[in-house]
>>> print(open('model.cif').read())   # mmCIF, N, CA and C atoms, pLDDT in the B column; chains and numbers go by the auth columns
data_run
loop_
_atom_site.group_PDB
_atom_site.id
_atom_site.type_symbol
_atom_site.label_atom_id
_atom_site.label_comp_id
_atom_site.label_asym_id
_atom_site.label_seq_id
_atom_site.Cartn_x
_atom_site.Cartn_y
_atom_site.Cartn_z
_atom_site.B_iso_or_equiv
_atom_site.auth_seq_id
_atom_site.auth_asym_id
ATOM 1 N N MET A 1 203.502 188.599 208.846 42.00 1 A
ATOM 2 C CA MET A 1 204.791 188.309 208.286 42.00 1 A
ATOM 3 C C MET A 1 205.656 187.681 209.379 42.00 1 A
ATOM 4 N N ALA A 2 206.203 186.540 209.151 47.00 2 A
ATOM 5 C CA ALA A 2 207.018 185.831 210.136 47.00 2 A
ATOM 6 C C ALA A 2 208.431 186.375 210.147 47.00 2 A
ATOM 7 N N ARG A 3 209.017 186.412 211.333 50.00 3 A
ATOM 8 C CA ARG A 3 210.408 186.838 211.447 50.00 3 A
ATOM 9 C C ARG A 3 211.326 185.676 211.178 50.00 3 A
ATOM 10 N N GLU A 4 212.432 185.973 210.576 53.00 4 A
ATOM 11 C CA GLU A 4 213.430 184.932 210.352 53.00 4 A
ATOM 12 C C GLU A 4 214.130 184.653 211.669 53.00 4 A
ATOM 13 N N SER A 5 214.357 183.381 211.978 56.00 5 A
ATOM 14 C CA SER A 5 215.103 183.081 213.188 56.00 5 A
ATOM 15 C C SER A 5 216.536 183.523 212.991 56.00 5 A
ATOM 16 N N GLY A 6 217.097 184.131 214.030 58.00 6 A
ATOM 17 C CA GLY A 6 218.459 184.620 213.931 58.00 6 A
ATOM 18 C C GLY A 6 218.558 186.043 213.410 58.00 6 A
ATOM 19 N N SER A 7 217.428 186.650 213.049 67.00 7 A
ATOM 20 C CA SER A 7 217.488 188.023 212.575 67.00 7 A
ATOM 21 C C SER A 7 217.750 188.948 213.764 67.00 7 A
ATOM 22 N N ALA A 8 218.475 190.019 213.509 82.00 8 A
ATOM 23 C CA ALA A 8 218.821 190.952 214.575 82.00 8 A
ATOM 24 C C ALA A 8 217.565 191.707 215.010 82.00 8 A
ATOM 25 N N ARG A 9 217.372 191.800 216.319 91.00 9 A
ATOM 26 C CA ARG A 9 216.249 192.546 216.864 91.00 9 A
ATOM 27 C C ARG A 9 216.801 193.675 217.703 91.00 9 A
ATOM 28 N N SER A 10 216.063 194.774 217.774 92.00 10 A
ATOM 29 C CA SER A 10 216.505 195.902 218.579 92.00 10 A
ATOM 30 C C SER A 10 215.291 196.653 219.109 92.00 10 A
ATOM 31 N N THR A 11 215.547 197.477 220.127 91.00 11 A
ATOM 32 C CA THR A 11 214.496 198.313 220.689 91.00 11 A
ATOM 33 C C THR A 11 214.258 199.495 219.766 91.00 11 A
ATOM 34 N N GLU A 12 213.257 200.304 220.084 92.00 12 A
ATOM 35 C CA GLU A 12 212.997 201.501 219.285 92.00 12 A
ATOM 36 C C GLU A 12 214.173 202.471 219.362 92.00 12 A
ATOM 37 N N SER A 13 214.978 202.359 220.429 93.00 13 A
ATOM 38 C CA SER A 13 216.152 203.213 220.587 93.00 13 A
ATOM 39 C C SER A 13 217.369 202.664 219.864 93.00 13 A
ATOM 40 N N GLY A 14 217.237 201.485 219.264 92.00 14 A
ATOM 41 C CA GLY A 14 218.338 200.895 218.534 92.00 14 A
ATOM 42 C C GLY A 14 219.227 199.981 219.360 92.00 14 A
ATOM 43 N N LEU A 15 218.859 199.730 220.617 93.00 15 A
ATOM 44 C CA LEU A 15 219.645 198.832 221.460 93.00 15 A
ATOM 45 C C LEU A 15 219.347 197.390 221.069 93.00 15 A
ATOM 46 N N PRO A 16 220.369 196.539 220.986 92.00 16 A
ATOM 47 C CA PRO A 16 220.137 195.150 220.568 92.00 16 A
ATOM 48 C C PRO A 16 219.384 194.349 221.634 92.00 16 A
ATOM 49 N N ILE A 17 218.553 193.426 221.181 92.00 17 A
ATOM 50 C CA ILE A 17 217.804 192.525 222.060 92.00 17 A
ATOM 51 C C ILE A 17 218.199 191.102 221.698 92.00 17 A
ATOM 52 N N GLU A 18 218.655 190.372 222.694 90.00 18 A
ATOM 53 C CA GLU A 18 219.013 188.974 222.485 90.00 18 A
ATOM 54 C C GLU A 18 217.737 188.129 222.513 90.00 18 A
ATOM 55 N N PRO A 19 217.689 187.016 221.786 89.00 19 A
ATOM 56 C CA PRO A 19 216.490 186.177 221.811 89.00 19 A
ATOM 57 C C PRO A 19 216.278 185.496 223.156 89.00 19 A
ATOM 58 N N VAL A 20 217.370 185.181 223.866 90.00 20 A
ATOM 59 C CA VAL A 20 217.281 184.534 225.182 90.00 20 A
ATOM 60 C C VAL A 20 218.377 185.111 226.073 90.00 20 A
ATOM 61 N N TYR A 21 218.020 185.423 227.327 87.00 21 A
ATOM 62 C CA TYR A 21 219.003 185.888 228.292 87.00 21 A
ATOM 63 C C TYR A 21 219.174 184.821 229.357 87.00 21 A
ATOM 64 N N GLY A 22 220.425 184.494 229.671 87.00 22 A
ATOM 65 C CA GLY A 22 220.727 183.501 230.696 87.00 22 A
ATOM 66 C C GLY A 22 221.565 184.120 231.801 87.00 22 A
ATOM 67 N N PRO A 23 222.060 183.296 232.730 83.00 23 A
ATOM 68 C CA PRO A 23 222.844 183.805 233.859 83.00 23 A
ATOM 69 C C PRO A 23 224.083 184.588 233.429 83.00 23 A
ATOM 70 N N GLU A 24 224.675 184.228 232.305 89.00 24 A
ATOM 71 C CA GLU A 24 225.879 184.933 231.855 89.00 24 A
ATOM 72 C C GLU A 24 225.601 186.386 231.482 89.00 24 A
ATOM 73 N N ALA A 25 224.344 186.719 231.202 88.00 25 A
ATOM 74 C CA ALA A 25 223.991 188.095 230.869 88.00 25 A
ATOM 75 C C ALA A 25 224.082 189.006 232.097 88.00 25 A
ATOM 76 N N LEU A 26 224.098 188.430 233.294 87.00 26 A
ATOM 77 C CA LEU A 26 224.141 189.220 234.527 87.00 26 A
ATOM 78 C C LEU A 26 225.502 189.211 235.203 87.00 26 A
ATOM 79 N N GLU A 27 226.534 188.752 234.510 90.00 27 A
ATOM 80 C CA GLU A 27 227.867 188.735 235.105 90.00 27 A
ATOM 81 C C GLU A 27 228.285 190.156 235.458 90.00 27 A
ATOM 82 N N GLY A 28 228.798 190.334 236.673 90.00 28 A
ATOM 83 C CA GLY A 28 229.231 191.648 237.125 90.00 28 A
ATOM 84 C C GLY A 28 228.110 192.517 237.655 90.00 28 A
ATOM 85 N N TRP A 29 226.884 192.013 237.671 85.00 29 A
ATOM 86 C CA TRP A 29 225.741 192.777 238.170 85.00 29 A
ATOM 87 C C TRP A 29 225.528 192.441 239.629 85.00 29 A
ATOM 88 N N ASN A 30 225.477 193.460 240.480 85.00 30 A
ATOM 89 C CA ASN A 30 225.323 193.262 241.912 85.00 30 A
ATOM 90 C C ASN A 30 223.936 193.744 242.332 85.00 30 A
ATOM 91 N N PRO A 31 223.004 192.814 242.602 81.00 31 A
ATOM 92 C CA PRO A 31 221.647 193.240 242.944 81.00 31 A
ATOM 93 C C PRO A 31 221.576 194.047 244.235 81.00 31 A
ATOM 94 N N ALA A 32 222.496 193.814 245.175 78.00 32 A
ATOM 95 C CA ALA A 32 222.483 194.574 246.426 78.00 32 A
ATOM 96 C C ALA A 32 222.717 196.062 246.168 78.00 32 A
ATOM 97 N N GLU A 33 223.478 196.393 245.140 81.00 33 A
ATOM 98 C CA GLU A 33 223.761 197.792 244.822 81.00 33 A
ATOM 99 C C GLU A 33 222.824 198.364 243.773 81.00 33 A
ATOM 100 N N GLN A 34 222.372 197.549 242.829 81.00 34 A
ATOM 101 C CA GLN A 34 221.662 198.075 241.673 81.00 34 A
ATOM 102 C C GLN A 34 220.158 197.807 241.641 81.00 34 A
ATOM 103 N N LEU A 35 219.664 196.877 242.425 81.00 35 A
ATOM 104 C CA LEU A 35 218.243 196.540 242.366 81.00 35 A
ATOM 105 C C LEU A 35 217.403 197.458 243.230 81.00 35 A
ATOM 106 N N GLY A 36 217.856 197.770 244.416 78.00 36 A
ATOM 107 C CA GLY A 36 217.090 198.623 245.317 78.00 36 A
ATOM 108 C C GLY A 36 216.086 197.817 246.124 78.00 36 A
ATOM 109 N N GLU A 37 215.616 198.429 247.183 81.00 37 A
ATOM 110 C CA GLU A 37 214.608 197.804 248.048 81.00 37 A
ATOM 111 C C GLU A 37 213.214 198.137 247.520 81.00 37 A
ATOM 112 N N PRO A 38 212.235 197.283 247.815 81.00 38 A
ATOM 113 C CA PRO A 38 210.875 197.598 247.375 81.00 38 A
ATOM 114 C C PRO A 38 210.408 198.931 247.973 81.00 38 A
ATOM 115 N N GLY A 39 209.830 199.781 247.154 81.00 39 A
ATOM 116 C CA GLY A 39 209.306 201.057 247.603 81.00 39 A
ATOM 117 C C GLY A 39 210.321 202.181 247.644 81.00 39 A
ATOM 118 N N THR A 40 211.550 201.938 247.201 82.00 40 A
ATOM 119 C CA THR A 40 212.566 202.985 247.185 82.00 40 A
ATOM 120 C C THR A 40 213.121 203.153 245.774 82.00 40 A
ATOM 121 N N PHE A 41 213.718 204.303 245.537 81.00 41 A
ATOM 122 C CA PHE A 41 214.331 204.582 244.243 81.00 41 A
ATOM 123 C C PHE A 41 215.355 203.510 243.921 81.00 41 A
ATOM 124 N N PRO A 42 215.443 202.988 242.754 78.00 42 A
ATOM 125 C CA PRO A 42 214.843 203.373 241.473 78.00 42 A
ATOM 126 C C PRO A 42 213.518 202.677 241.160 78.00 42 A
ATOM 127 N N PHE A 43 212.809 202.185 242.151 80.00 43 A
ATOM 128 C CA PHE A 43 211.476 201.587 242.004 80.00 43 A
ATOM 129 C C PHE A 43 211.447 200.418 241.038 80.00 43 A
ATOM 130 N N THR A 44 212.507 199.611 241.020 77.00 44 A
ATOM 131 C CA THR A 44 212.544 198.433 240.161 77.00 44 A
ATOM 132 C C THR A 44 211.682 197.314 240.715 77.00 44 A
ATOM 133 N N ARG A 45 211.307 197.431 241.993 75.00 45 A
ATOM 134 C CA ARG A 45 210.503 196.381 242.620 75.00 45 A
ATOM 135 C C ARG A 45 209.147 196.893 243.086 75.00 45 A
ATOM 136 N N GLY A 46 208.709 198.024 242.545 75.00 46 A
ATOM 137 C CA GLY A 46 207.399 198.566 242.861 75.00 46 A
ATOM 138 C C GLY A 46 207.468 199.847 243.667 75.00 46 A
ATOM 139 N N VAL A 47 206.391 200.604 243.655 78.00 47 A
ATOM 140 C CA VAL A 47 206.362 201.895 244.329 78.00 47 A
ATOM 141 C C VAL A 47 205.989 201.787 245.799 78.00 47 A
ATOM 142 N N TYR A 48 205.408 200.678 246.211 77.00 48 A
ATOM 143 C CA TYR A 48 205.072 200.465 247.614 77.00 48 A
ATOM 144 C C TYR A 48 205.931 199.337 248.163 77.00 48 A
ATOM 145 N N PRO A 49 206.409 199.458 249.422 79.00 49 A
ATOM 146 C CA PRO A 49 207.238 198.387 249.992 79.00 49 A
ATOM 147 C C PRO A 49 206.541 197.031 249.998 79.00 49 A
ATOM 148 N N THR A 50 205.242 197.004 250.244 77.00 50 A
ATOM 149 C CA THR A 50 204.503 195.740 250.248 77.00 50 A
ATOM 150 C C THR A 50 203.784 195.509 248.926 77.00 50 A
ATOM 151 N N MET A 51 204.055 196.392 247.969 70.00 51 A
ATOM 152 C CA MET A 51 203.359 196.411 246.682 70.00 51 A
ATOM 153 C C MET A 51 201.862 196.380 246.914 70.00 51 A
ATOM 154 N N TYR A 52 201.146 195.459 246.368 68.00 52 A
ATOM 155 C CA TYR A 52 199.695 195.510 246.485 68.00 52 A
ATOM 156 C C TYR A 52 199.142 194.466 247.439 68.00 52 A
ATOM 157 N N THR A 53 199.965 193.955 248.352 71.00 53 A
ATOM 158 C CA THR A 53 199.434 193.000 249.331 71.00 53 A
ATOM 159 C C THR A 53 198.623 193.722 250.398 71.00 53 A
ATOM 160 N N GLY A 54 198.993 194.948 250.740 69.00 54 A
ATOM 161 C CA GLY A 54 198.248 195.713 251.727 69.00 54 A
ATOM 162 C C GLY A 54 197.211 196.626 251.113 69.00 54 A
ATOM 163 N N ARG A 55 197.372 196.943 249.850 67.00 55 A
ATOM 164 C CA ARG A 55 196.453 197.821 249.137 67.00 55 A
ATOM 165 C C ARG A 55 196.162 197.169 247.799 67.00 55 A
ATOM 166 N N PRO A 56 195.045 196.467 247.681 70.00 56 A
ATOM 167 C CA PRO A 56 194.745 195.749 246.441 70.00 56 A
ATOM 168 C C PRO A 56 194.706 196.673 245.221 70.00 56 A
ATOM 169 N N TRP A 57 195.187 196.160 244.110 69.00 57 A
ATOM 170 C CA TRP A 57 195.171 196.892 242.867 69.00 57 A
ATOM 171 C C TRP A 57 193.757 196.907 242.327 69.00 57 A
ATOM 172 N N THR A 58 193.312 198.058 241.873 71.00 58 A
ATOM 173 C CA THR A 58 191.986 198.159 241.269 71.00 58 A
ATOM 174 C C THR A 58 192.097 198.886 239.945 71.00 58 A
ATOM 175 N N MET A 59 191.166 198.588 239.083 71.00 59 A
ATOM 176 C CA MET A 59 191.109 199.277 237.799 71.00 59 A
ATOM 177 C C MET A 59 189.992 200.291 237.893 71.00 59 A
ATOM 178 N N ARG A 60 190.303 201.518 237.557 73.00 60 A
ATOM 179 C CA ARG A 60 189.294 202.579 237.682 73.00 60 A
ATOM 180 C C ARG A 60 188.928 203.139 236.336 73.00 60 A
#
>>> encode(input="model.cif", output="structure tokens")
Amino acid sequence: MARESGSARSTESGLPIEPVYGPEALEGWNPAEQLGEPGTFPFTRGVYPTMYTGRPWTMR
């Protein structure tokens, strides 16, 4: 079943999802305060500081 273009979309929690996000969606967002460093809380950039460059990812 095809979705109608322009139909409202939302997450399972009911939060709205825009069809496209641009630079204006990040107005007031400060990555220095909210993004975090790699390997540190809130782990938005991975759990290891070097991610998998020093420890290759494997599927077990």
>>> select_by_dssp(input="model.cif", residues="chain A", states="strand (DSSP E)", output="PyMOL selection string")
chain A and resi 9-10+16-17
>>> axis_aligned_box(input="model.cif", around="region 18-28 of chain A", padding_each_side="8 Å", output="AutoDock Vina command-line options")
--center_x 222.8 --center_y 187.9 --center_z 229.7 --size_x 29.0 --size_y 25.2 --size_z 31.9
>>> select_by_dssp(input="model.cif", residues="chain A", states="helix (DSSP H, G or I)", output="list in words")
Pro23, Glu24, Ala25, Leu26, Pro31, Ala32, Glu33 and Gln34 of chain A
>>> closest_residue(input="model.cif", among="A:Glu37, A:Glu24, A:Glu18, A:Glu12", to="Pro49 (chain A)", atoms="only N, CA and C atoms")
A:Glu37
>>> atom_distance(input="model.cif", atom1="atom N of Pro42 (chain A)", atom2="atom N of Arg9 (chain A)")
28.8 Å
>>> atom_distance(input="model.cif", atom1="CA of Ala25 (chain A)", atom2="atom C of Ser13 (chain A)")
19.4 Å
>>> atom_distance(input="model.cif", atom1="CA of Tyr48 (chain A)", atom2="atom C of Gly36 (chain A)")
11.4 Å
>>> build_atoms(input="model.cif", residues="region 13-24 of chain A", atoms="all heavy atoms", output="PDB file, in the coordinates of the input")
ATOM      1  N   SER A  13     214.978 202.359 220.429  1.00 93.00           N
ATOM      2  CA  SER A  13     216.152 203.213 220.587  1.00 93.00           C
ATOM      3  C   SER A  13     217.369 202.664 219.864  1.00 93.00           C
ATOM      4  O   SER A  13     218.430 203.269 219.877  1.00 93.00           O
ATOM      5  CB  SER A  13     216.489 203.370 222.065  1.00 93.00           C
ATOM      6  OG  SER A  13     215.407 203.939 222.753  1.00 93.00           O
ATOM      7  N   GLY A  14     217.237 201.485 219.264  1.00 92.00           N
ATOM      8  CA  GLY A  14     218.338 200.895 218.534  1.00 92.00           C
ATOM      9  C   GLY A  14     219.227 199.981 219.360  1.00 92.00           C
ATOM     10  O   GLY A  14     220.246 199.513 218.876  1.00 92.00           O
ATOM     11  N   LEU A  15     218.859 199.730 220.617  1.00 93.00           N
ATOM     12  CA  LEU A  15     219.645 198.832 221.460  1.00 93.00           C
ATOM     13  C   LEU A  15     219.347 197.390 221.069  1.00 93.00           C
ATOM     14  O   LEU A  15     218.186 197.025 220.855  1.00 93.00           O
ATOM     15  CB  LEU A  15     219.324 199.051 222.935  1.00 93.00           C
ATOM     16  CG  LEU A  15     219.600 200.455 223.467  1.00 93.00           C
ATOM     17  CD1 LEU A  15     219.046 200.610 224.860  1.00 93.00           C
ATOM     18  CD2 LEU A  15     221.077 200.736 223.433  1.00 93.00           C
ATOM     19  N   PRO A  16     220.369 196.539 220.986  1.00 92.00           N
ATOM     20  CA  PRO A  16     220.137 195.150 220.568  1.00 92.00           C
ATOM     21  C   PRO A  16     219.384 194.349 221.634  1.00 92.00           C
ATOM     22  O   PRO A  16     219.551 194.586 222.824  1.00 92.00           O
ATOM     23  CB  PRO A  16     221.551 194.604 220.378  1.00 92.00           C
ATOM     24  CG  PRO A  16     222.421 195.451 221.229  1.00 92.00           C
ATOM     25  CD  PRO A  16     221.785 196.810 221.253  1.00 92.00           C
ATOM     26  N   ILE A  17     218.553 193.426 221.181  1.00 92.00           N
ATOM     27  CA  ILE A  17     217.804 192.525 222.060  1.00 92.00           C
ATOM     28  C   ILE A  17     218.199 191.102 221.698  1.00 92.00           C
ATOM     29  O   ILE A  17     218.084 190.696 220.542  1.00 92.00           O
ATOM     30  CB  ILE A  17     216.282 192.679 221.877  1.00 92.00           C
ATOM     31  CG1 ILE A  17     215.842 194.097 222.202  1.00 92.00           C
ATOM     32  CG2 ILE A  17     215.535 191.673 222.738  1.00 92.00           C
ATOM     33  CD1 ILE A  17     214.378 194.355 221.906  1.00 92.00           C
ATOM     34  N   GLU A  18     218.655 190.372 222.694  1.00 90.00           N
ATOM     35  CA  GLU A  18     219.013 188.974 222.485  1.00 90.00           C
ATOM     36  C   GLU A  18     217.737 188.129 222.513  1.00 90.00           C
ATOM     37  O   GLU A  18     216.786 188.465 223.223  1.00 90.00           O
ATOM     38  CB  GLU A  18     219.969 188.498 223.583  1.00 90.00           C
ATOM     39  CG  GLU A  18     221.281 189.239 223.614  1.00 90.00           C
ATOM     40  CD  GLU A  18     222.103 189.005 222.374  1.00 90.00           C
ATOM     41  OE1 GLU A  18     222.056 187.898 221.810  1.00 90.00           O
ATOM     42  OE2 GLU A  18     222.786 189.949 221.956  1.00 90.00           O
ATOM     43  N   PRO A  19     217.689 187.016 221.786  1.00 89.00           N
ATOM     44  CA  PRO A  19     216.490 186.177 221.811  1.00 89.00           C
ATOM     45  C   PRO A  19     216.278 185.496 223.156  1.00 89.00           C
ATOM     46  O   PRO A  19     215.145 185.264 223.568  1.00 89.00           O
ATOM     47  CB  PRO A  19     216.730 185.149 220.703  1.00 89.00           C
ATOM     48  CG  PRO A  19     218.164 185.241 220.363  1.00 89.00           C
ATOM     49  CD  PRO A  19     218.671 186.562 220.824  1.00 89.00           C
ATOM     50  N   VAL A  20     217.370 185.181 223.866  1.00 90.00           N
ATOM     51  CA  VAL A  20     217.281 184.534 225.182  1.00 90.00           C
ATOM     52  C   VAL A  20     218.377 185.111 226.073  1.00 90.00           C
ATOM     53  O   VAL A  20     219.511 185.283 225.627  1.00 90.00           O
ATOM     54  CB  VAL A  20     217.473 183.001 225.074  1.00 90.00           C
ATOM     55  CG1 VAL A  20     217.481 182.359 226.445  1.00 90.00           C
ATOM     56  CG2 VAL A  20     216.406 182.388 224.196  1.00 90.00           C
ATOM     57  N   TYR A  21     218.020 185.423 227.327  1.00 87.00           N
ATOM     58  CA  TYR A  21     219.003 185.888 228.292  1.00 87.00           C
ATOM     59  C   TYR A  21     219.174 184.821 229.357  1.00 87.00           C
ATOM     60  O   TYR A  21     218.200 184.312 229.896  1.00 87.00           O
ATOM     61  CB  TYR A  21     218.548 187.194 228.946  1.00 87.00           C
ATOM     62  CG  TYR A  21     218.601 188.376 228.015  1.00 87.00           C
ATOM     63  CD1 TYR A  21     217.503 188.732 227.246  1.00 87.00           C
ATOM     64  CD2 TYR A  21     219.760 189.114 227.891  1.00 87.00           C
ATOM     65  CE1 TYR A  21     217.556 189.810 226.383  1.00 87.00           C
ATOM     66  CE2 TYR A  21     219.833 190.196 227.030  1.00 87.00           C
ATOM     67  CZ  TYR A  21     218.717 190.539 226.279  1.00 87.00           C
ATOM     68  OH  TYR A  21     218.787 191.598 225.422  1.00 87.00           O
ATOM     69  N   GLY A  22     220.425 184.494 229.671  1.00 87.00           N
ATOM     70  CA  GLY A  22     220.727 183.501 230.696  1.00 87.00           C
ATOM     71  C   GLY A  22     221.565 184.120 231.801  1.00 87.00           C
ATOM     72  O   GLY A  22     221.781 185.335 231.830  1.00 87.00           O
ATOM     73  N   PRO A  23     222.060 183.296 232.730  1.00 83.00           N
ATOM     74  CA  PRO A  23     222.844 183.805 233.859  1.00 83.00           C
ATOM     75  C   PRO A  23     224.083 184.588 233.429  1.00 83.00           C
ATOM     76  O   PRO A  23     224.481 185.536 234.097  1.00 83.00           O
ATOM     77  CB  PRO A  23     223.244 182.548 234.626  1.00 83.00           C
ATOM     78  CG  PRO A  23     222.308 181.495 234.178  1.00 83.00           C
ATOM     79  CD  PRO A  23     221.866 181.858 232.800  1.00 83.00           C
ATOM     80  N   GLU A  24     224.675 184.228 232.305  1.00 89.00           N
ATOM     81  CA  GLU A  24     225.879 184.933 231.855  1.00 89.00           C
ATOM     82  C   GLU A  24     225.601 186.386 231.482  1.00 89.00           C
ATOM     83  O   GLU A  24     226.495 187.216 231.474  1.00 89.00           O
ATOM     84  CB  GLU A  24     226.535 184.201 230.681  1.00 89.00           C
ATOM     85  CG  GLU A  24     225.701 184.123 229.433  1.00 89.00           C
ATOM     86  CD  GLU A  24     224.669 182.993 229.438  1.00 89.00           C
ATOM     87  OE1 GLU A  24     224.676 182.150 230.337  1.00 89.00           O
ATOM     88  OE2 GLU A  24     223.850 182.993 228.511  1.00 89.00           O
TER      89      GLU A  24
END
